[in-house]
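Source file input25.txt; content: compact mmCIF, C-alpha atoms.
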```txt
# COMPACT_ATOMS: atom_id res chain seq x y z
CA MET B 363 18.19 7.52 20.63
CA PHE B 364 20.66 5.06 22.13
CA GLU B 365 19.99 5.10 25.88
CA ILE B 366 18.48 1.63 25.80
CA LEU B 367 21.22 0.12 23.72
CA GLU B 368 23.81 1.02 26.35
CA THR B 369 21.81 -0.90 28.92
CA LYS B 370 21.56 -3.74 26.49
CA ALA B 371 25.33 -3.88 25.97
CA SER B 372 26.03 -5.05 29.52
CA LEU B 373 23.13 -7.48 29.36
CA GLN B 374 24.69 -8.86 26.19
CA GLN B 375 28.02 -9.54 27.88
CA ASP B 376 26.34 -11.39 30.74
CA ASN B 377 24.37 -13.31 28.16
CA ASP B 378 27.45 -14.38 26.22
CA VAL B 379 28.93 -15.88 29.38
CA ALA B 380 25.69 -17.72 30.08
CA ALA B 381 25.47 -18.94 26.47
CA ASN B 382 28.87 -20.58 26.85
CA ASP B 383 27.63 -22.29 30.03
CA VAL B 384 24.67 -23.65 28.07
CA ARG B 385 26.96 -24.93 25.31
CA GLN B 386 29.13 -26.76 27.87
CA TYR B 387 26.08 -28.23 29.56
CA LEU B 388 24.67 -29.47 26.26
CA LYS B 389 28.02 -30.93 25.18
CA SER B 390 28.49 -32.80 28.45
CA HIS B 391 25.11 -34.44 27.94
CA GLN B 392 25.50 -34.89 24.15
CA VAL B 393 22.32 -32.96 23.52
CA TYR B 394 21.67 -30.91 20.36
CA LEU B 395 19.70 -27.68 20.83
CA VAL B 396 17.75 -25.92 18.07
CA ASN B 397 16.57 -22.33 18.62
CA LEU B 398 13.44 -21.78 16.52
CA MET B 399 12.52 -18.16 15.86
CA GLY B 400 10.02 -16.12 13.84
CA SER B 401 7.20 -13.59 13.97
CA PRO B 402 3.91 -14.29 15.75
CA GLY B 403 1.85 -16.53 13.50
CA ALA B 404 4.73 -17.46 11.17
CA GLY B 405 4.00 -21.10 11.94
CA LYS B 406 6.65 -22.06 14.48
CA THR B 407 4.50 -24.59 16.30
CA SER B 408 3.13 -26.16 13.10
CA VAL B 409 6.63 -26.48 11.66
CA LEU B 410 7.82 -28.03 14.89
CA GLN B 411 4.99 -30.55 14.79
CA ARG B 412 6.05 -31.64 11.27
CA ILE B 413 9.69 -31.93 12.30
CA ILE B 414 8.93 -33.88 15.47
CA GLU B 415 6.71 -36.34 13.58
CA SER B 416 9.63 -37.14 11.27
CA LEU B 417 12.40 -37.24 13.86
CA LYS B 418 10.83 -38.74 16.94
CA ASP B 419 11.44 -42.36 15.95
CA ARG B 420 15.16 -41.65 15.48
CA TYR B 421 15.88 -39.28 18.38
CA ARG B 422 14.55 -38.73 21.88
CA ILE B 423 13.11 -35.26 21.63
CA GLY B 424 12.44 -32.56 24.20
CA VAL B 425 10.66 -29.26 23.56
CA MET B 426 10.75 -25.96 25.44
CA GLU B 427 7.84 -23.71 24.51
CA ALA B 428 8.62 -20.13 25.41
CA ASP B 429 5.73 -17.72 25.59
CA VAL B 430 5.06 -14.41 27.20
CA ASP B 431 2.01 -16.09 28.61
CA SER B 432 -0.33 -19.04 27.83
CA ASP B 433 0.12 -22.79 27.32
CA VAL B 434 -1.44 -23.01 23.87
CA ASP B 435 1.65 -24.30 22.07
CA ALA B 436 2.81 -26.68 24.78
CA ASN B 437 -0.56 -28.43 24.65
CA ALA B 438 -0.26 -28.85 20.87
CA ILE B 439 3.24 -30.31 21.17
CA ALA B 440 2.44 -32.55 24.16
CA SER B 441 -0.14 -34.35 22.05
CA LEU B 442 2.74 -35.71 19.92
CA GLY B 443 3.98 -37.72 22.88
CA VAL B 444 7.33 -35.97 23.33
CA LYS B 445 8.72 -34.36 26.46
CA VAL B 446 7.63 -30.74 26.68
CA ILE B 447 7.89 -27.86 29.09
CA GLN B 448 6.22 -24.46 28.96
CA LEU B 449 8.37 -21.45 29.81
CA HIS B 450 6.71 -18.17 30.69
CA THR B 451 9.07 -15.27 30.07
CA GLY B 452 7.13 -12.94 32.37
CA GLY B 453 6.59 -10.29 29.73
CA SER B 454 10.05 -10.54 28.19
CA CYS B 455 10.16 -10.48 24.40
CA HIS B 456 12.82 -13.13 23.95
CA MET B 457 14.64 -16.00 25.61
CA ASP B 458 18.14 -15.36 26.87
CA ALA B 459 20.82 -17.90 27.77
CA ARG B 460 20.10 -17.98 31.53
CA MET B 461 16.40 -18.58 30.90
CA THR B 462 17.39 -21.34 28.48
CA GLU B 463 19.71 -22.94 31.04
CA LYS B 464 16.91 -22.94 33.63
CA GLY B 465 14.56 -24.35 31.02
CA LEU B 466 16.96 -27.20 30.20
CA HIS B 467 17.30 -28.06 33.90
CA ALA B 468 13.54 -28.03 34.35
CA LEU B 469 12.97 -30.11 31.21
CA GLY B 470 15.67 -32.59 32.21
CA ILE B 471 18.05 -33.49 29.37
CA GLU B 472 19.48 -36.78 30.67
CA ASP B 473 17.05 -38.77 28.55
CA VAL B 474 16.86 -36.68 25.35
CA ASP B 475 19.06 -36.29 22.25
CA VAL B 476 17.58 -33.19 20.64
CA VAL B 477 15.87 -30.20 22.23
CA PHE B 478 13.85 -27.64 20.32
CA LEU B 479 13.38 -24.23 21.88
CA GLU B 480 10.38 -22.44 20.37
CA ASN B 481 11.31 -18.85 21.09
CA VAL B 482 8.85 -15.98 21.69
CA GLY B 483 7.15 -14.85 18.47
CA ASN B 484 9.29 -11.89 17.52
CA LEU B 485 11.50 -11.09 14.55
CA VAL B 486 13.68 -8.60 16.43
CA CYS B 487 14.71 -9.41 20.00
CA PRO B 488 15.42 -13.17 19.90
CA ALA B 489 18.01 -12.48 17.18
CA GLU B 490 20.06 -10.44 19.64
CA PHE B 491 20.40 -13.14 22.29
CA ASP B 492 22.61 -16.17 21.82
CA VAL B 493 20.95 -18.88 23.90
CA GLY B 494 23.79 -21.36 23.37
CA ALA B 495 21.97 -23.37 20.70
CA ASN B 496 23.73 -25.56 18.16
CA LEU B 497 21.45 -24.38 15.37
CA LYS B 498 19.43 -21.23 14.80
CA MET B 499 16.41 -21.88 12.62
CA MET B 500 14.16 -19.01 11.57
CA ILE B 501 10.81 -18.98 9.83
CA LEU B 502 9.57 -16.32 7.43
CA SER B 503 5.98 -16.86 6.29
CA THR B 504 4.80 -15.63 2.92
CA PRO B 505 1.98 -13.39 4.25
CA GLU B 506 4.65 -11.33 6.03
CA GLY B 507 6.07 -10.21 2.69
CA ASP B 508 9.30 -10.78 0.78
CA ASP B 509 10.82 -7.48 1.99
CA LYS B 510 11.28 -8.58 5.60
CA PRO B 511 15.04 -9.22 5.31
CA LEU B 512 15.44 -5.52 4.49
CA LYS B 513 13.54 -4.46 7.59
CA TYR B 514 14.67 -6.96 10.20
CA PRO B 515 18.19 -7.80 8.99
CA LEU B 516 19.72 -9.17 12.18
CA MET B 517 17.48 -12.24 12.34
CA PHE B 518 18.53 -13.21 8.82
CA GLN B 519 22.19 -12.52 9.59
CA VAL B 520 22.41 -14.68 12.70
CA SER B 521 20.35 -17.68 11.53
CA ASP B 522 21.82 -20.87 10.11
CA CYS B 523 18.73 -21.77 8.15
CA MET B 524 15.46 -20.19 7.09
CA LEU B 525 12.17 -21.89 6.34
CA ILE B 526 9.90 -19.91 4.02
CA ASN B 527 6.60 -21.20 5.37
CA LYS B 528 3.05 -21.02 3.93
CA ILE B 529 4.59 -21.37 0.49
CA ASP B 530 1.25 -22.81 -0.69
CA VAL B 531 -0.38 -19.39 -0.44
CA LYS B 532 2.48 -17.23 -1.73
CA GLU B 533 0.49 -16.15 -4.81
CA VAL B 534 -2.28 -14.73 -2.61
CA PHE B 535 0.24 -12.34 -1.08
CA GLY B 536 2.37 -11.70 -4.15
CA PHE B 537 5.33 -13.15 -2.29
CA ASP B 538 8.37 -13.31 -4.57
CA THR B 539 10.48 -16.25 -3.34
CA ALA B 540 13.47 -15.34 -5.51
CA LYS B 541 13.46 -11.80 -4.15
CA ALA B 542 13.20 -12.96 -0.52
CA LYS B 543 16.11 -15.35 -1.07
CA GLU B 544 18.19 -12.66 -2.76
CA TYR B 545 17.62 -10.19 0.11
CA ALA B 546 18.35 -12.83 2.75
CA LEU B 547 21.48 -14.20 1.04
CA ALA B 548 22.85 -10.67 0.60
CA LEU B 549 22.76 -10.42 4.40
CA ASN B 550 23.99 -13.95 5.03
CA PRO B 551 25.49 -15.94 2.14
CA HIS B 552 25.68 -19.09 4.30
CA LEU B 553 21.96 -19.17 5.10
CA GLU B 554 20.34 -22.47 4.09
CA ILE B 555 16.88 -21.78 2.70
CA PHE B 556 13.91 -24.14 2.43
CA ALA B 557 10.47 -23.39 1.00
CA VAL B 558 7.84 -25.32 2.96
CA SER B 559 4.19 -25.60 3.86
CA ALA B 560 3.56 -26.85 7.38
CA LYS B 561 -0.06 -27.26 6.33
CA SER B 562 0.58 -29.67 3.43
CA GLY B 563 3.98 -31.01 4.41
CA GLU B 564 5.56 -29.75 1.16
CA GLY B 565 9.33 -29.24 1.37
CA PHE B 566 9.89 -30.96 4.71
CA ALA B 567 11.91 -33.90 3.36
CA ALA B 568 14.80 -31.51 2.64
CA VAL B 569 14.48 -29.86 6.05
CA ILE B 570 14.56 -33.23 7.81
CA GLY B 571 17.59 -34.32 5.78
CA TYR B 572 19.40 -31.12 6.68
CA LEU B 573 18.56 -31.45 10.38
CA ARG B 574 19.66 -35.09 10.54
CA GLN B 575 22.96 -34.20 8.90
CA LYS B 576 23.55 -31.34 11.35
CA ILE B 577 22.69 -33.48 14.38
CA GLU B 578 24.91 -36.36 13.22
CA GLU B 579 27.82 -33.99 12.52
CA GLN B 580 27.67 -32.80 16.09
CA SER B 581 27.59 -36.17 17.80
CA MET E 175 14.01 -15.67 34.98
CA PHE E 176 13.45 -12.06 35.90
CA GLU E 177 16.84 -10.34 35.73
CA ILE E 178 15.89 -8.40 32.62
CA LEU E 179 12.53 -7.34 33.94
CA GLU E 180 14.16 -5.57 36.86
CA THR E 181 16.23 -3.54 34.44
CA LYS E 182 13.08 -2.83 32.52
CA ALA E 183 11.30 -1.51 35.60
CA SER E 184 13.56 1.53 35.93
CA LEU E 185 13.45 2.09 32.17
CA GLN E 186 9.67 2.07 32.45
CA GLN E 187 9.64 4.82 35.08
CA ASP E 188 11.89 7.05 32.97
CA ASN E 189 9.65 6.32 30.03
CA ASP E 190 6.48 7.33 31.88
CA VAL E 191 8.00 10.72 32.65
CA ALA E 192 9.01 11.16 29.02
CA ALA E 193 5.55 10.09 27.81
CA ASN E 194 3.98 12.88 29.84
CA ASP E 195 6.41 15.33 28.22
CA VAL E 196 5.27 14.11 24.80
CA ARG E 197 1.61 14.54 25.79
CA GLN E 198 2.25 18.13 26.91
CA TYR E 199 4.16 18.89 23.74
CA LEU E 200 1.37 17.49 21.55
CA LYS E 201 -1.30 19.36 23.50
CA SER E 202 0.51 22.68 23.24
CA HIS E 203 0.61 22.26 19.45
CA GLN E 204 -2.90 20.77 19.17
CA VAL E 205 -1.52 17.69 17.45
CA TYR E 206 -3.11 14.24 17.64
CA LEU E 207 -0.71 11.27 17.75
CA VAL E 208 -1.63 7.72 16.76
CA ASN E 209 0.70 4.85 17.72
CA LEU E 210 0.27 2.07 15.15
CA MET E 211 1.51 -1.35 16.24
CA GLY E 212 1.51 -4.95 14.99
CA SER E 213 3.65 -7.92 13.96
CA PRO E 214 6.04 -7.78 11.01
CA GLY E 215 3.97 -8.13 7.86
CA ALA E 216 0.59 -7.51 9.55
CA GLY E 217 0.04 -4.67 7.08
CA LYS E 218 0.85 -1.54 9.09
CA THR E 219 2.13 0.45 6.10
CA SER E 220 -0.72 -0.64 3.80
CA VAL E 221 -3.31 0.25 6.44
CA LEU E 222 -1.63 3.60 6.95
CA GLN E 223 -1.75 4.29 3.22
CA ARG E 224 -5.53 3.66 3.19
CA ILE E 225 -6.08 5.90 6.20
CA ILE E 226 -3.92 8.72 4.84
CA GLU E 227 -5.73 8.66 1.49
CA SER E 228 -9.03 9.21 3.30
CA LEU E 229 -7.87 11.78 5.85
CA LYS E 230 -5.32 13.89 4.02
CA ASP E 231 -7.85 16.33 2.55
CA ARG E 232 -9.25 17.06 6.01
CA TYR E 233 -6.11 17.10 8.16
CA ARG E 234 -2.48 18.01 7.67
CA ILE E 235 -0.76 14.69 8.27
CA GLY E 236 2.73 13.76 9.39
CA VAL E 237 4.16 10.25 9.57
CA MET E 238 7.04 8.81 11.57
CA GLU E 239 8.22 5.47 10.21
CA ALA E 240 10.13 3.59 12.88
CA ASP E 241 12.29 0.72 11.74
CA VAL E 242 15.22 -1.18 13.10
CA ASP E 243 16.83 -0.40 9.78
CA SER E 244 15.80 0.46 6.16
CA ASP E 245 13.68 3.14 4.51
CA VAL E 246 11.26 0.85 2.71
CA ASP E 247 8.11 2.11 4.45
CA ALA E 248 9.02 5.80 4.44
CA ASN E 249 9.39 5.67 0.66
CA ALA E 250 5.94 4.11 0.31
CA ILE E 251 4.35 6.78 2.50
CA ALA E 252 6.23 9.72 0.96
CA SER E 253 4.65 8.89 -2.39
CA LEU E 254 1.27 9.95 -0.89
CA GLY E 255 2.52 13.52 -0.60
CA VAL E 256 2.43 13.79 3.20
CA LYS E 257 5.23 14.80 5.53
CA VAL E 258 7.25 11.78 6.55
CA ILE E 259 10.37 11.01 8.53
CA GLN E 260 12.24 7.74 8.92
CA LEU E 261 13.41 6.80 12.40
CA HIS E 262 16.06 4.15 12.84
CA THR E 263 15.88 2.61 16.29
CA GLY E 264 19.44 1.30 16.12
CA GLY E 265 18.50 -2.30 16.82
CA SER E 266 15.87 -1.51 19.44
CA CYS E 267 12.66 -3.52 19.19
CA HIS E 268 10.24 -0.70 19.97
CA MET E 269 9.86 3.05 20.14
CA ASP E 270 9.94 4.67 23.57
CA ALA E 271 8.73 8.10 24.58
CA ARG E 272 12.11 9.86 24.30
CA MET E 273 12.65 8.49 20.80
CA THR E 274 9.14 9.66 19.94
CA GLU E 275 9.82 13.13 21.30
CA LYS E 276 12.99 13.38 19.21
CA GLY E 277 11.07 12.13 16.20
CA LEU E 278 8.35 14.77 16.64
CA HIS E 279 11.00 17.51 16.85
CA ALA E 280 12.73 16.20 13.75
CA LEU E 281 9.45 15.87 11.84
CA GLY E 282 8.32 19.34 12.92
CA ILE E 283 4.72 19.45 14.16
CA GLU E 284 3.97 23.17 13.77
CA ASP E 285 2.23 22.56 10.44
CA VAL E 286 0.45 19.25 11.08
CA ASP E 287 -2.79 18.19 12.80
CA VAL E 288 -2.36 14.45 13.03
CA VAL E 289 0.80 12.36 13.32
CA PHE E 290 0.96 8.61 12.78
CA LEU E 291 3.82 6.69 14.34
CA GLU E 292 4.34 3.37 12.63
CA ASN E 293 6.07 1.43 15.38
CA VAL E 294 8.60 -1.39 14.87
CA GLY E 295 6.95 -4.61 13.71
CA ASN E 296 6.59 -6.46 16.99
CA LEU E 297 3.63 -7.75 18.98
CA VAL E 298 5.45 -7.72 22.31
CA CYS E 299 7.77 -4.81 23.13
CA PRO E 300 5.91 -1.78 21.73
CA ALA E 301 2.97 -2.67 23.99
CA GLU E 302 5.14 -2.07 27.04
CA PHE E 303 6.18 1.46 26.18
CA ASP E 304 3.77 4.39 26.40
CA VAL E 305 5.02 6.85 23.78
CA GLY E 306 2.55 9.56 24.81
CA ALA E 307 0.13 8.91 21.93
CA ASN E 308 -3.54 9.92 22.00
CA LEU E 309 -4.59 6.64 20.42
CA LYS E 310 -3.08 3.17 20.32
CA MET E 311 -4.10 1.28 17.21
CA MET E 312 -3.05 -2.32 16.72
CA ILE E 313 -3.29 -4.62 13.74
CA LEU E 314 -3.80 -8.36 13.85
CA SER E 315 -3.71 -10.03 10.43
CA THR E 316 -5.65 -13.20 9.73
CA PRO E 317 -2.61 -15.31 8.68
CA GLU E 318 -1.23 -14.83 12.20
CA GLY E 319 -4.09 -16.85 13.65
CA ASP E 320 -7.08 -16.14 15.89
CA ASP E 321 -5.27 -17.35 19.03
CA LYS E 322 -2.83 -14.44 19.20
CA PRO E 323 -4.66 -12.59 22.02
CA LEU E 324 -4.00 -15.64 24.22
CA LYS E 325 -0.28 -15.55 23.48
CA TYR E 326 0.51 -11.83 23.40
CA PRO E 327 -2.10 -10.43 25.80
CA LEU E 328 -0.50 -7.10 26.69
CA MET E 329 -0.82 -5.62 23.19
CA PHE E 330 -4.55 -6.34 23.21
CA GLN E 331 -4.92 -4.97 26.73
CA VAL E 332 -3.25 -1.61 26.09
CA SER E 333 -4.72 -0.84 22.65
CA ASP E 334 -7.75 1.40 22.06
CA CYS E 335 -8.66 -0.22 18.77
CA MET E 336 -7.76 -3.28 16.74
CA LEU E 337 -7.91 -3.74 12.99
CA ILE E 338 -8.26 -7.36 11.89
CA ASN E 339 -6.46 -7.03 8.56
CA LYS E 340 -6.34 -9.36 5.51
CA ILE E 341 -9.95 -10.29 6.28
CA ASP E 342 -10.34 -11.17 2.58
CA VAL E 343 -8.15 -14.27 3.05
CA LYS E 344 -9.39 -15.40 6.45
CA GLU E 345 -10.84 -18.65 5.05
CA VAL E 346 -7.43 -19.66 3.69
CA PHE E 347 -6.08 -19.61 7.22
CA GLY E 348 -9.15 -20.87 9.05
CA PHE E 349 -9.21 -17.59 10.97
CA ASP E 350 -12.28 -17.45 13.22
CA THR E 351 -13.17 -13.75 13.58
CA ALA E 352 -15.70 -14.36 16.35
CA LYS E 353 -13.13 -16.30 18.35
CA ALA E 354 -10.44 -13.61 17.90
CA LYS E 355 -12.90 -10.94 19.04
CA GLU E 356 -13.97 -13.01 22.02
CA TYR E 357 -10.36 -13.57 23.15
CA ALA E 358 -9.46 -9.90 22.64
CA LEU E 359 -12.55 -8.52 24.39
CA ALA E 360 -11.99 -10.82 27.35
CA LEU E 361 -8.65 -9.04 27.81
CA ASN E 362 -9.99 -5.59 27.04
CA PRO E 363 -13.76 -5.01 26.96
CA HIS E 364 -13.28 -1.44 25.66
CA LEU E 365 -11.32 -2.48 22.57
CA GLU E 366 -12.94 -1.20 19.35
CA ILE E 367 -12.61 -3.85 16.66
CA PHE E 368 -12.75 -3.42 12.88
CA ALA E 369 -12.41 -6.12 10.23
CA VAL E 370 -10.61 -4.72 7.20
CA SER E 371 -8.67 -5.50 4.06
CA ALA E 372 -5.99 -2.97 3.23
CA LYS E 373 -5.75 -4.69 -0.15
CA SER E 374 -9.40 -4.16 -1.18
CA GLY E 375 -10.32 -1.26 1.09
CA GLU E 376 -13.10 -3.28 2.75
CA GLY E 377 -14.06 -2.03 6.21
CA PHE E 378 -12.15 1.26 6.13
CA ALA E 379 -15.20 3.55 6.14
CA ALA E 380 -15.85 2.55 9.76
CA VAL E 381 -12.20 2.99 10.71
CA ILE E 382 -12.10 6.46 9.17
CA GLY E 383 -15.34 7.45 10.95
CA TYR E 384 -13.91 6.26 14.26
CA LEU E 385 -10.63 8.11 13.75
CA ARG E 386 -12.36 11.36 12.76
CA GLN E 387 -14.54 11.17 15.85
CA LYS E 388 -11.54 10.56 18.11
CA ILE E 389 -9.56 13.40 16.56
CA GLU E 390 -12.48 15.85 16.80
CA GLU E 391 -13.14 14.90 20.44
CA GLN E 392 -9.58 15.82 21.29
CA SER E 393 -9.47 19.22 19.61
```
Please express what this file holds, its structure, as structure tokens.
Amino acid sequence: MFEILETKASLQQDNDVAANDVRQYLKSHQVYLVNLMGSPGAGKTSVLQRIIESLKDRYRIGVMEADVDSDVDANAIASLGVKVIQLHTGGSCHMDARMTEKGLHALGIEDVDVVFLENVGNLVCPAEFDVGANLKMMILSTPEGDDKPLKYPLMFQVSDCMLINKIDVKEVFGFDTAKAKEYALALNPHLEIFAVSAKSGEGFAAVIGYLRQKIEEQS
Amino acid sequence: MFEILETKASLQQDNDVAANDVRQYLKSHQVYLVNLMGSPGAGKTSVLQRIIESLKDRYRIGVMEADVDSDVDANAIASLGVKVIQLHTGGSCHMDARMTEKGLHALGIEDVDVVFLENVGNLVCPAEFDVGANLKMMILSTPEGDDKPLKYPLMFQVSDCMLINKIDVKEVFGFDTAKAKEYALALNPHLEIFAVSAKSGEGFAAVIGYLRQKIEEQS
């Protein structure tokens, strides 16, 4: 069953080299990169809109919207008045470090402080590829179920923080927040967890505080 | 941006050969294979439970539960008293035809009529790999949003039928069923669409009728 994984192994090595290039490039320009990941429909774009609204007066923000196809999300983000670029992955299920590097060049990072990369909607593949980001933020939405850490462990292991989104409708789906946290923390004891609703804005003050602290630490 | 896609191209050719092997193998045993796909948390296992309950008195059913890791879904299915096997993809984000062939051998198809493959939760990668199934069934759940056909077109293009699941909570998420259908049918005019709720059972009579017809046509 492991034919594909062998192919992936060499891709991974190339990617690690490229991820280091991205890190150097970001450092030389004093830019902070956040890699935002989650399933299709978890609420990545809505969460990003909330975050941008709260941070855009403090930092110059750039956004890279990665999609297999379509410009739906880039249009939504552009309306907030920040710099945005749409990346089409040409069918690929994730962003890798080289794609990210090209995206950063195309976006232009001379006049930004923080860049958000909205990765392809996928709870599996993006977790495997270090894109050179300073922070890996993942979203788990309550309709997906509290058992997802058991089934897609790598995403929870590699992330720095997790937003449990659509917390306002958790009862509808019998989502057990304590259980989700327990599963996730068993995989990654350092994971910072926030319960939020991108719809109502609930829980975002803590997320914004956390992000500001992380960005300031870096600079 | 296309380094990975070139690698994929040769993988795809190998996979097409293997998919034909699977088709021959199924045909020689008069077994019907359904490839069930959708995002994490779309409700693949719950939908499968509903379908099995309605079909298990008519057909001898086997189930292959593909997961990156964990046995959560296989346990849920085994409780229905049908033959089930858990496949661990070892990190891979989709099932391919060779993995499927190995799974069918391990499951043993001499004493079954219909096999369901629950693919890895992913709206991107499984769409790219023909596993040799007779029917491709996809699930889109209402919390994911009605714009998903625009963002993950291939899955909608390759599927034979689509179940819009969690239809009972569509108002909570402002999910516009007509819009989702319109987007999906623009990509694939032959797509059969069913609105269902795996929670309440709503809409499953039509799904079961469709499946029975497809299975009978084949045999």
**Report entry** Contact residues (chain B, partner chain E, 7 Å, only C-alpha atoms) as a ChimeraX atom specification
**Finding:** /B:363,401-404,429-432,451,455,461,484,486-487,505-507,512-514
Query raised in the report: atom CA of E:Cys335 and atom CA of B:Gly536, how far apart in Å?
Result: 27.9 Å
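Minimum atom-to-atom distance to E:Ala280, evaluated using only C-alpha atoms, belongs to E:Val258 out of E:Val208, E:Ala301, E:Ala372, E:Val258.
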Report task. Just the residues within 12 Å of E:Met336, please, counting all atoms listed in the file, with nothing from its chain fewer than 3 positions along; format it as a ChimeraX atom specification. Result -> /E:209-212,216,218,221,309-315,323,329-333,339,354-355,358-359,362-370,381,384
Deliver the residues from the most recent selection as a file, using C-alpha atoms, as a compact mmCIF listing (two decimals), keeping the file's coordinate frame.
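Dumped everything to out09.txt:
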```
# COMPACT_ATOMS: atom_id res chain seq x y z
CA ASN E 209 0.70 4.85 17.72
CA LEU E 210 0.27 2.07 15.15
CA MET E 211 1.51 -1.35 16.24
CA GLY E 212 1.51 -4.95 14.99
CA ALA E 216 0.59 -7.51 9.55
CA LYS E 218 0.85 -1.54 9.09
CA VAL E 221 -3.31 0.25 6.44
CA LEU E 309 -4.59 6.64 20.42
CA LYS E 310 -3.08 3.17 20.32
CA MET E 311 -4.10 1.28 17.21
CA MET E 312 -3.05 -2.32 16.72
CA ILE E 313 -3.29 -4.62 13.74
CA LEU E 314 -3.80 -8.36 13.85
CA SER E 315 -3.71 -10.03 10.43
CA PRO E 323 -4.66 -12.59 22.02
CA MET E 329 -0.82 -5.62 23.19
CA PHE E 330 -4.55 -6.34 23.21
CA GLN E 331 -4.92 -4.97 26.73
CA VAL E 332 -3.25 -1.61 26.09
CA SER E 333 -4.72 -0.84 22.65
CA ASN E 339 -6.46 -7.03 8.56
CA ALA E 354 -10.44 -13.61 17.90
CA LYS E 355 -12.90 -10.94 19.04
CA ALA E 358 -9.46 -9.90 22.64
CA LEU E 359 -12.55 -8.52 24.39
CA ASN E 362 -9.99 -5.59 27.04
CA PRO E 363 -13.76 -5.01 26.96
CA HIS E 364 -13.28 -1.44 25.66
CA LEU E 365 -11.32 -2.48 22.57
CA GLU E 366 -12.94 -1.20 19.35
CA ILE E 367 -12.61 -3.85 16.66
CA PHE E 368 -12.75 -3.42 12.88
CA ALA E 369 -12.41 -6.12 10.23
CA VAL E 370 -10.61 -4.72 7.20
CA VAL E 381 -12.20 2.99 10.71
CA TYR E 384 -13.91 6.26 14.26
```
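Note that atom CA of E:Lys201 and atom CA of E:Gln392 are 9.3 Å apart.
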**Report entry** Residue among E:Gly306, E:Gly236, E:Pro300, E:Gly383 lying closest to E:Leu222, counting all atoms listed in the file
**Finding:** E:Gly236
